[in-house]
Amino acid sequence: MELKGKTVVVTGSSRGIGEAIAEEFAKQGANIVLNARKAIPEEMLEKLQSYGVEVEAILGDVSDFNSAKHLIDQTKERFGSVDVLINNAGINRDKLVMRMDEEDFDVTYEVNLKGSFNTIRHALPLMLKQRAGSIINISSVVGETGNAGQANYAASKAGLIGLTKSVAREAAMRGVTCNAITPGFIETDMTAALSDKVQEAMLGQIPLKKFGKSKDIAETAVFLSKSEYITGQTIRVNGGMYM
Ligand code: NAP
């Protein structure tokens, strides 16, 4: 897909990987819809607009079905279409299963997995109608490997891979693609919260011996959205952490 002038919705894009994805698509000339629950920094809007594209910020919790509907409806109203949907909003509530509360499990599942279903549910009919579109779900390497202390997070991210493949199969006949990206350890606020000891242990598992940058994920998202022949795939961007 040629991205110039197209409309890209990036959930969870007030910082970190989502912010980098939004910038990478703006560089391609795409109009951007930013989303987060709390706030989108004004400087971010200005930075993206400096690429000569239109930018809209729509706040809302993607785990709420009606908020997700509002996000997609408002995008359609402002730009007339949704061409690329990036489900990036995600949270973690790390604990060993034996100490995990029901709420820790539910909230992680609701944002990471159900949130992606919610936006897809509302955007897919538009994409099918226009016979074009790209959906990219940001999963995680731990959705493929599992991780002690992240059963809720890993389960939600593994579920996202199943969701991706099923949507890919349903949407393919209309030329709409759906893929997942599984990042490894990427330097953001989410990973900065981990202790030095945990970070050191993670580094020991990465053959390329460095943490990834948000830009590594953003460039992969742009690549996937441009391809019209990659669908149902899980693209690993993890420094070789899982092969
Ligand atoms: P981050 O720095 O914590 O940013 C998360 C973003 O999501 C923020 O903009 C946050 O804004 C938004 N968000 C959270 N809950 C939301 C909700 N219910 N509805 C809408 N927006 C919501 O995270 P990150 O490290 O950039 O991670 C981005 C994605 O990559 C996540 O899905 C994460 O699981 C995945 N990932 C990250 C890594 C890594 O190493 N960093 C590795 C693998 C996968 P508000 O708080 O204002 O809502």
# chains A, B, ... in the order shown; residues from 1 in each chain; ligands from 1

call {"tool": "residues_near_ligand", "arguments": {"ligand": "ligand 1", "cutoff": "8 Å", "atoms": "only C-alpha atoms and all ligand atoms", "output": "PyMOL selection string"}}
result
chain A and resi 11-19+35-40+59-64+87-92+110-112+115+138-142+153+157+182-191+212+214

call {"tool": "write_last_selection", "arguments": {"atoms": "N, CA and C atoms", "output": "tab-separated table (two decimals), in the first residue's frame"}}
result
chain	number	residue	atom	x	y	z
A	11	THR	N	-3.02	2.97	18.28
A	11	THR	CA	-3.50	3.02	19.67
A	11	THR	C	-2.30	3.06	20.62
A	12	GLY	N	-2.50	3.66	21.77
A	12	GLY	CA	-1.42	3.74	22.77
A	12	GLY	C	-0.20	4.47	22.23
A	13	SER	N	-0.44	5.66	21.65
A	13	SER	CA	0.67	6.33	20.95
A	13	SER	C	1.13	7.63	21.61
A	14	SER	N	0.93	7.75	22.94
A	14	SER	CA	1.38	8.98	23.60
A	14	SER	C	2.86	8.91	23.97
A	15	ARG	N	3.47	7.74	23.86
A	15	ARG	CA	4.90	7.58	24.19
A	15	ARG	C	5.38	6.24	23.64
A	16	GLY	N	6.67	5.95	23.86
A	16	GLY	CA	7.23	4.63	23.57
A	16	GLY	C	7.10	4.17	22.13
A	17	ILE	N	6.79	2.90	21.98
A	17	ILE	CA	6.74	2.29	20.65
A	17	ILE	C	5.66	2.94	19.79
A	18	GLY	N	4.50	3.23	20.39
A	18	GLY	CA	3.40	3.85	19.63
A	18	GLY	C	3.80	5.20	19.06
A	19	GLU	N	4.51	5.99	19.86
A	19	GLU	CA	4.97	7.31	19.39
A	19	GLU	C	5.92	7.14	18.19
A	35	ASN	N	-3.76	8.00	19.90
A	35	ASN	CA	-4.73	7.61	20.96
A	35	ASN	C	-3.98	7.21	22.23
A	36	ALA	N	-4.56	7.51	23.34
A	36	ALA	CA	-4.10	7.05	24.66
A	36	ALA	C	-5.25	7.33	25.62
A	37	ARG	N	-5.15	6.85	26.86
A	37	ARG	CA	-6.23	7.12	27.81
A	37	ARG	C	-6.12	8.52	28.40
A	38	LYS	N	-4.87	8.94	28.75
A	38	LYS	CA	-4.72	10.16	29.56
A	38	LYS	C	-4.52	11.43	28.76
A	39	ALA	N	-3.41	11.53	28.04
A	39	ALA	CA	-3.12	12.77	27.31
A	39	ALA	C	-2.12	12.50	26.19
A	40	ILE	N	-2.17	13.34	25.17
A	40	ILE	CA	-1.17	13.29	24.10
A	40	ILE	C	-0.39	14.61	24.21
A	59	LEU	N	-8.61	10.68	22.53
A	59	LEU	CA	-8.38	9.96	23.79
A	59	LEU	C	-9.46	8.90	23.99
A	60	GLY	N	-9.09	7.82	24.66
A	60	GLY	CA	-10.08	6.79	24.96
A	60	GLY	C	-9.41	5.48	25.32
A	61	ASP	N	-10.10	4.70	26.12
A	61	ASP	CA	-9.59	3.42	26.59
A	61	ASP	C	-10.03	2.34	25.60
A	62	VAL	N	-9.07	1.71	24.92
A	62	VAL	CA	-9.44	0.73	23.89
A	62	VAL	C	-10.10	-0.52	24.48
A	63	SER	N	-9.93	-0.74	25.77
A	63	SER	CA	-10.56	-1.93	26.36
A	63	SER	C	-12.07	-1.76	26.50
A	64	ASP	N	-12.52	-0.53	26.31
A	64	ASP	CA	-13.96	-0.26	26.34
A	64	ASP	C	-14.49	-0.30	24.90
A	87	ASN	N	-2.64	-1.86	16.48
A	87	ASN	CA	-3.04	-2.12	17.87
A	87	ASN	C	-1.80	-2.25	18.72
A	88	ASN	N	-1.42	-1.11	19.32
A	88	ASN	CA	-0.18	-1.05	20.10
A	88	ASN	C	-0.42	-0.86	21.59
A	89	ALA	N	-1.60	-0.33	21.96
A	89	ALA	CA	-1.87	-0.07	23.38
A	89	ALA	C	-1.67	-1.35	24.19
A	90	GLY	N	-0.91	-1.27	25.26
A	90	GLY	CA	-0.68	-2.47	26.06
A	90	GLY	C	-0.21	-2.12	27.45
A	91	ILE	N	-0.50	-3.02	28.37
A	91	ILE	CA	-0.05	-2.83	29.76
A	91	ILE	C	0.50	-4.15	30.30
A	92	ASN	N	1.25	-4.07	31.38
A	92	ASN	CA	1.66	-5.30	32.08
A	92	ASN	C	1.40	-5.14	33.57
A	110	GLU	N	-7.93	-7.48	29.11
A	110	GLU	CA	-8.90	-6.55	28.52
A	110	GLU	C	-8.25	-5.47	27.65
A	111	VAL	N	-7.09	-4.98	28.08
A	111	VAL	CA	-6.40	-3.96	27.26
A	111	VAL	C	-5.69	-4.63	26.08
A	112	ASN	N	-4.85	-5.63	26.38
A	112	ASN	CA	-3.95	-6.16	25.35
A	112	ASN	C	-4.67	-6.98	24.27
A	115	GLY	N	-8.89	-5.24	23.76
A	115	GLY	CA	-8.75	-3.90	23.17
A	115	GLY	C	-8.48	-3.99	21.67
A	138	ILE	N	0.53	-5.43	17.90
A	138	ILE	CA	1.82	-5.50	18.59
A	138	ILE	C	1.71	-6.51	19.74
A	139	SER	N	2.26	-7.69	19.49
A	139	SER	CA	2.26	-8.77	20.48
A	139	SER	C	3.55	-8.67	21.28
A	140	SER	N	4.18	-9.78	21.59
A	140	SER	CA	5.44	-9.75	22.35
A	140	SER	C	6.14	-11.10	22.23
A	141	VAL	N	7.46	-11.07	22.34
A	141	VAL	CA	8.23	-12.32	22.34
A	141	VAL	C	7.74	-13.26	23.43
A	142	VAL	N	7.27	-12.72	24.55
A	142	VAL	CA	6.84	-13.62	25.64
A	142	VAL	C	5.51	-14.31	25.32
A	153	TYR	N	0.23	-11.39	31.01
A	153	TYR	CA	0.72	-10.64	29.84
A	153	TYR	C	1.00	-11.59	28.67
A	157	LYS	N	-0.78	-11.79	25.00
A	157	LYS	CA	0.00	-11.56	23.77
A	157	LYS	C	-0.03	-12.79	22.85
A	182	THR	N	6.20	-9.30	17.09
A	182	THR	CA	6.55	-9.69	18.46
A	182	THR	C	7.88	-9.04	18.82
A	183	PRO	N	7.82	-7.88	19.48
A	183	PRO	CA	9.08	-7.24	19.90
A	183	PRO	C	9.73	-8.04	21.02
A	184	GLY	N	11.04	-7.96	21.06
A	184	GLY	CA	11.78	-8.49	22.22
A	184	GLY	C	11.83	-7.41	23.27
A	185	PHE	N	13.00	-7.15	23.82
A	185	PHE	CA	13.16	-6.15	24.88
A	185	PHE	C	13.46	-4.81	24.22
A	186	ILE	N	12.51	-3.90	24.26
A	186	ILE	CA	12.66	-2.60	23.60
A	186	ILE	C	12.75	-1.51	24.68
A	187	GLU	N	13.68	-0.58	24.53
A	187	GLU	CA	13.86	0.47	25.55
A	187	GLU	C	12.70	1.47	25.53
A	188	THR	N	11.81	1.36	26.52
A	188	THR	CA	10.69	2.31	26.69
A	188	THR	C	10.41	2.44	28.19
A	189	ASP	N	9.40	3.25	28.54
A	189	ASP	CA	9.01	3.39	29.95
A	189	ASP	C	8.64	2.04	30.56
A	190	MET	N	8.00	1.18	29.71
A	190	MET	CA	7.53	-0.12	30.21
A	190	MET	C	8.70	-0.96	30.72
A	191	THR	N	9.81	-0.94	29.97
A	191	THR	CA	10.96	-1.76	30.35
A	191	THR	C	11.88	-1.03	31.34
A	212	GLY	N	16.46	-3.46	21.91
A	212	GLY	CA	15.94	-2.85	20.69
A	212	GLY	C	15.47	-1.43	20.94
A	214	SER	N	12.54	1.63	19.81
A	214	SER	CA	11.16	1.74	19.30
A	214	SER	C	11.14	1.84	17.78

call {"tool": "residues_around", "arguments": {"residues": "range 42-55 of chain A", "least_positions_apart": "6", "cutoff": "12 Å", "atoms": "only C-alpha atoms", "output": "MDAnalysis selection string"}}
result
chainID A and resid 3:10 13:16 18:35 75 78:79

call {"tool": "write_last_selection", "arguments": {"atoms": "C-alpha atoms", "output": "PDB file, in the first residue's frame"}}
result
ATOM      1  CA  LEU A   3       1.070   5.349   2.445  1.00  0.00           C
ATOM      2  CA  LYS A   4       1.043   8.981   1.292  1.00  0.00           C
ATOM      3  CA  GLY A   5      -2.311  10.549   2.155  1.00  0.00           C
ATOM      4  CA  LYS A   6      -3.578   7.373   3.838  1.00  0.00           C
ATOM      5  CA  THR A   7      -5.031   7.310   7.374  1.00  0.00           C
ATOM      6  CA  VAL A   8      -3.222   5.436  10.119  1.00  0.00           C
ATOM      7  CA  VAL A   9      -4.665   4.847  13.597  1.00  0.00           C
ATOM      8  CA  VAL A  10      -2.086   4.000  16.281  1.00  0.00           C
ATOM      9  CA  SER A  13       0.668   6.329  20.948  1.00  0.00           C
ATOM     10  CA  SER A  14       1.382   8.980  23.599  1.00  0.00           C
ATOM     11  CA  ARG A  15       4.902   7.585  24.187  1.00  0.00           C
ATOM     12  CA  GLY A  16       7.234   4.635  23.575  1.00  0.00           C
ATOM     13  CA  GLY A  18       3.405   3.847  19.630  1.00  0.00           C
ATOM     14  CA  GLU A  19       4.966   7.306  19.387  1.00  0.00           C
ATOM     15  CA  ALA A  20       7.793   5.948  17.201  1.00  0.00           C
ATOM     16  CA  ILE A  21       5.289   4.130  14.957  1.00  0.00           C
ATOM     17  CA  ALA A  22       3.263   7.327  14.513  1.00  0.00           C
ATOM     18  CA  GLU A  23       6.401   9.266  13.534  1.00  0.00           C
ATOM     19  CA  GLU A  24       7.564   6.614  11.058  1.00  0.00           C
ATOM     20  CA  PHE A  25       4.165   6.668   9.298  1.00  0.00           C
ATOM     21  CA  ALA A  26       4.114  10.494   9.309  1.00  0.00           C
ATOM     22  CA  LYS A  27       7.502  10.421   7.544  1.00  0.00           C
ATOM     23  CA  GLN A  28       5.791   8.357   4.825  1.00  0.00           C
ATOM     24  CA  GLY A  29       3.213  11.137   4.355  1.00  0.00           C
ATOM     25  CA  ALA A  30       0.323   9.372   6.115  1.00  0.00           C
ATOM     26  CA  ASN A  31      -2.226  11.233   8.233  1.00  0.00           C
ATOM     27  CA  ILE A  32      -2.085  10.076  11.832  1.00  0.00           C
ATOM     28  CA  VAL A  33      -4.682   9.433  14.522  1.00  0.00           C
ATOM     29  CA  LEU A  34      -3.062   9.245  17.951  1.00  0.00           C
ATOM     30  CA  ASN A  35      -4.726   7.608  20.958  1.00  0.00           C
ATOM     31  CA  THR A  75     -11.334   8.783  12.370  1.00  0.00           C
ATOM     32  CA  ARG A  78     -12.363  13.315  10.003  1.00  0.00           C
ATOM     33  CA  PHE A  79     -10.424  11.476   7.267  1.00  0.00           C
TER      34      PHE A  79
END

call {"tool": "select_by_dssp", "arguments": {"residues": "range 23-230 of chain A", "states": "helix (DSSP H, G or I)", "output": "PyMOL selection string"}}
result
chain A and resi 23-27+42-49+65-79+97-99+102-130+142-145+151-174+189-192+196-204+214-226

call {"tool": "write_last_selection", "arguments": {"atoms": "C-alpha atoms", "output": "CSV table (one decimal), in the first residue's frame"}}
result
chain,number,residue,atom,x,y,z
A,23,GLU,CA,6.4,9.3,13.5
A,24,GLU,CA,7.6,6.6,11.1
A,25,PHE,CA,4.2,6.7,9.3
A,26,ALA,CA,4.1,10.5,9.3
A,27,LYS,CA,7.5,10.4,7.5
A,42,GLU,CA,1.2,19.0,22.4
A,43,GLU,CA,4.9,18.8,21.2
A,44,MET,CA,4.1,15.4,19.7
A,45,LEU,CA,1.3,16.8,17.6
A,46,GLU,CA,3.6,19.6,16.4
A,47,LYS,CA,6.5,17.2,15.6
A,48,LEU,CA,4.2,15.0,13.5
A,49,GLN,CA,2.6,18.0,11.8
A,65,PHE,CA,-16.0,-1.4,23.3
A,66,ASN,CA,-17.7,1.9,22.9
A,67,SER,CA,-14.5,4.0,23.2
A,68,ALA,CA,-12.9,1.9,20.5
A,69,LYS,CA,-16.0,2.5,18.3
A,70,HIS,CA,-15.7,6.2,19.0
A,71,LEU,CA,-12.0,6.1,18.0
A,72,ILE,CA,-12.8,4.5,14.6
A,73,ASP,CA,-16.0,6.5,14.0
A,74,GLN,CA,-14.2,9.8,14.6
A,75,THR,CA,-11.3,8.8,12.4
A,76,LYS,CA,-13.8,7.9,9.6
A,77,GLU,CA,-15.6,11.3,10.1
A,78,ARG,CA,-12.4,13.3,10.0
A,79,PHE,CA,-10.4,11.5,7.3
A,97,VAL,CA,0.7,-16.7,39.2
A,98,MET,CA,0.5,-17.8,42.8
A,99,ARG,CA,0.4,-14.1,43.8
A,102,GLU,CA,-8.1,-11.9,39.3
A,103,GLU,CA,-8.0,-8.2,38.5
A,104,ASP,CA,-4.3,-8.4,37.4
A,105,PHE,CA,-5.3,-11.0,34.9
A,106,ASP,CA,-8.5,-9.4,33.7
A,107,VAL,CA,-7.2,-5.9,33.1
A,108,THR,CA,-4.2,-7.1,31.2
A,109,TYR,CA,-6.3,-9.3,29.0
A,110,GLU,CA,-8.9,-6.5,28.5
A,111,VAL,CA,-6.4,-4.0,27.3
A,112,ASN,CA,-4.0,-6.2,25.3
A,113,LEU,CA,-6.3,-8.7,23.7
A,114,LYS,CA,-9.9,-7.5,23.9
A,115,GLY,CA,-8.8,-3.9,23.2
A,116,SER,CA,-7.3,-5.1,19.9
A,117,PHE,CA,-10.5,-7.1,19.1
A,118,ASN,CA,-12.6,-3.9,19.9
A,119,THR,CA,-10.8,-1.7,17.4
A,120,ILE,CA,-10.6,-4.4,14.7
A,121,ARG,CA,-14.4,-5.1,15.2
A,122,HIS,CA,-15.1,-1.5,14.2
A,123,ALA,CA,-12.4,-0.9,11.6
A,124,LEU,CA,-12.6,-4.1,9.7
A,125,PRO,CA,-16.0,-3.5,8.0
A,126,LEU,CA,-14.6,-0.2,6.6
A,127,MET,CA,-11.5,-1.9,5.3
A,128,LEU,CA,-13.5,-4.8,3.8
A,129,LYS,CA,-15.8,-2.3,2.1
A,130,GLN,CA,-12.8,-0.3,0.6
A,142,VAL,CA,6.8,-13.6,25.6
A,143,GLY,CA,3.6,-14.5,23.8
A,144,GLU,CA,5.7,-17.1,22.0
A,145,THR,CA,8.1,-18.2,24.8
A,151,ALA,CA,1.4,-15.3,32.8
A,152,ASN,CA,-1.3,-12.7,32.3
A,153,TYR,CA,0.7,-10.6,29.8
A,154,ALA,CA,2.1,-13.6,27.9
A,155,ALA,CA,-1.4,-15.2,27.6
A,156,SER,CA,-2.8,-11.9,26.3
A,157,LYS,CA,0.0,-11.6,23.8
A,158,ALA,CA,-0.3,-15.2,22.6
A,159,GLY,CA,-4.0,-14.7,22.2
A,160,LEU,CA,-3.2,-11.7,19.9
A,161,ILE,CA,-1.3,-14.1,17.6
A,162,GLY,CA,-4.4,-16.3,17.3
A,163,LEU,CA,-6.6,-13.2,16.7
A,164,THR,CA,-4.2,-12.0,14.0
A,165,LYS,CA,-4.3,-15.3,12.1
A,166,SER,CA,-8.0,-15.6,12.3
A,167,VAL,CA,-8.6,-12.0,11.1
A,168,ALA,CA,-6.1,-12.6,8.3
A,169,ARG,CA,-8.1,-15.6,7.1
A,170,GLU,CA,-11.4,-13.7,7.3
A,171,ALA,CA,-10.1,-10.6,5.6
A,172,ALA,CA,-7.9,-12.0,2.9
A,173,MET,CA,-10.6,-12.3,0.2
A,174,ARG,CA,-11.0,-8.5,0.2
A,189,ASP,CA,9.0,3.4,30.0
A,190,MET,CA,7.5,-0.1,30.2
A,191,THR,CA,11.0,-1.8,30.3
A,192,ALA,CA,12.7,1.1,32.3
A,196,ASP,CA,18.8,-3.5,36.8
A,197,LYS,CA,19.1,-7.2,37.7
A,198,VAL,CA,16.2,-8.2,35.5
A,199,GLN,CA,17.5,-6.0,32.6
A,200,GLU,CA,20.9,-7.6,32.9
A,201,ALA,CA,19.4,-11.1,32.8
A,202,MET,CA,17.4,-10.1,29.7
A,203,LEU,CA,20.5,-8.8,28.0
A,204,GLY,CA,22.2,-12.2,28.6
A,214,SER,CA,11.2,1.7,19.3
A,215,LYS,CA,12.3,2.7,15.8
A,216,ASP,CA,13.0,-1.0,15.1
A,217,ILE,CA,9.4,-1.8,15.6
A,218,ALA,CA,8.1,1.3,13.8
A,219,GLU,CA,10.1,0.4,10.7
A,220,THR,CA,8.7,-3.1,10.7
A,221,ALA,CA,5.2,-1.8,11.0
A,222,VAL,CA,5.7,0.5,7.9
A,223,PHE,CA,7.2,-2.4,6.0
A,224,LEU,CA,4.2,-4.7,6.8
A,225,SER,CA,1.6,-2.1,5.9
A,226,LYS,CA,3.2,-1.5,2.5

call {"tool": "residues_around", "arguments": {"residues": "Thr234 in chain A", "least_positions_apart": "2", "cutoff": "7 Å", "atoms": "only C-alpha atoms", "output": "list in words"}}
result
Asn179, Ala180, Ile181, Thr182, Gly232 and Arg236 of chain A

call {"tool": "atom_distance", "arguments": {"atom1": "CA of Gly133 in chain A", "atom2": "CA of Val84 in chain A"}}
result
5.7 Å

call {"tool": "atom_distance", "arguments": {"atom1": "CA of Gln205 in chain A", "atom2": "CA of Asn147 in chain A"}}
result
12.6 Å

call {"tool": "atom_distance", "arguments": {"atom1": "CA of Pro41 in chain A", "atom2": "CA of Ala57 in chain A"}}
result
9.6 Å

call {"tool": "select_by_dssp", "arguments": {"residues": "range 20-219 of chain A", "states": "strand (DSSP E)", "output": "list in words"}}
result
Asn31, Ile32, Val33, Leu34, Val55, Glu56, Ala57, Val84, Leu85, Ile86, Asn87, Gly133, Ser134, Ile135, Ile136, Asn137, Ile138, Val176, Thr177, Cys178, Asn179, Ala180, Ile181, Thr182 and Pro183 of chain A

call {"tool": "residues_around", "arguments": {"residues": "Tyr229 in chain A", "least_positions_apart": "2", "cutoff": "8 Å", "atoms": "only C-alpha atoms", "output": "list in words"}}
result
Thr177, Ser227 and Thr231 of chain A

call {"tool": "decode", "arguments": {"residues": "range 142-153 of chain A", "atoms": "all heavy atoms", "output": "compact mmCIF listing (two decimals), in the first residue's frame"}}
result
# COMPACT_ATOMS: atom_id res chain seq x y z
N VAL A 142 7.27 -12.72 24.55
CA VAL A 142 6.84 -13.62 25.64
C VAL A 142 5.51 -14.31 25.32
O VAL A 142 5.17 -15.31 25.94
CB VAL A 142 6.79 -12.93 27.03
CG1 VAL A 142 8.12 -12.28 27.36
CG2 VAL A 142 5.65 -11.96 27.14
N GLY A 143 4.79 -13.81 24.32
CA GLY A 143 3.59 -14.50 23.83
C GLY A 143 3.98 -15.79 23.13
O GLY A 143 3.18 -16.70 22.97
N GLU A 144 5.25 -15.86 22.69
CA GLU A 144 5.74 -17.06 22.00
C GLU A 144 6.52 -17.98 22.94
O GLU A 144 6.56 -19.18 22.74
CB GLU A 144 6.65 -16.65 20.84
CG GLU A 144 5.95 -15.79 19.81
CD GLU A 144 6.89 -15.35 18.70
OE1 GLU A 144 7.75 -14.49 18.92
OE2 GLU A 144 6.75 -15.89 17.59
N THR A 145 7.19 -17.37 23.93
CA THR A 145 8.07 -18.18 24.79
C THR A 145 7.48 -18.44 26.17
O THR A 145 7.91 -19.37 26.86
CB THR A 145 9.41 -17.45 25.02
OG1 THR A 145 9.15 -16.20 25.70
CG2 THR A 145 10.14 -17.17 23.72
N GLY A 146 6.55 -17.59 26.62
CA GLY A 146 6.13 -17.60 28.02
C GLY A 146 7.20 -16.93 28.86
O GLY A 146 8.34 -16.77 28.41
N ASN A 147 6.84 -16.49 30.05
CA ASN A 147 7.83 -15.87 30.93
C ASN A 147 7.35 -15.93 32.37
O ASN A 147 6.19 -15.58 32.64
CB ASN A 147 8.05 -14.41 30.52
CG ASN A 147 9.32 -13.83 31.12
OD1 ASN A 147 10.24 -14.57 31.47
ND2 ASN A 147 9.38 -12.52 31.24
N ALA A 148 8.20 -16.38 33.25
CA ALA A 148 7.83 -16.43 34.67
C ALA A 148 7.52 -15.02 35.14
O ALA A 148 8.28 -14.08 34.86
CB ALA A 148 8.98 -17.01 35.49
N GLY A 149 6.42 -14.85 35.81
CA GLY A 149 6.02 -13.52 36.32
C GLY A 149 5.16 -12.74 35.34
O GLY A 149 4.75 -11.62 35.62
N GLN A 150 4.90 -13.33 34.17
CA GLN A 150 4.11 -12.61 33.15
C GLN A 150 3.02 -13.49 32.55
O GLN A 150 2.71 -13.35 31.36
CB GLN A 150 5.04 -12.09 32.04
CG GLN A 150 5.98 -10.98 32.49
CD GLN A 150 6.53 -10.20 31.30
OE1 GLN A 150 7.13 -10.79 30.41
NE2 GLN A 150 6.33 -8.89 31.28
N ALA A 151 2.44 -14.39 33.33
CA ALA A 151 1.45 -15.32 32.77
C ALA A 151 0.27 -14.56 32.15
O ALA A 151 -0.21 -14.92 31.06
CB ALA A 151 0.94 -16.26 33.86
N ASN A 152 -0.18 -13.50 32.82
CA ASN A 152 -1.31 -12.72 32.29
C ASN A 152 -0.92 -12.02 30.99
O ASN A 152 -1.64 -12.08 29.98
CB ASN A 152 -1.80 -11.71 33.34
CG ASN A 152 -0.68 -10.86 33.93
OD1 ASN A 152 0.51 -11.07 33.65
ND2 ASN A 152 -1.05 -9.89 34.75
N TYR A 153 0.23 -11.39 31.01
CA TYR A 153 0.72 -10.64 29.84
C TYR A 153 1.00 -11.59 28.67
O TYR A 153 0.56 -11.36 27.54
CB TYR A 153 1.99 -9.89 30.26
CG TYR A 153 2.62 -9.02 29.20
CD1 TYR A 153 2.10 -7.77 28.89
CD2 TYR A 153 3.77 -9.44 28.53
CE1 TYR A 153 2.70 -6.97 27.93
CE2 TYR A 153 4.38 -8.64 27.57
CZ TYR A 153 3.85 -7.41 27.28
OH TYR A 153 4.45 -6.61 26.33
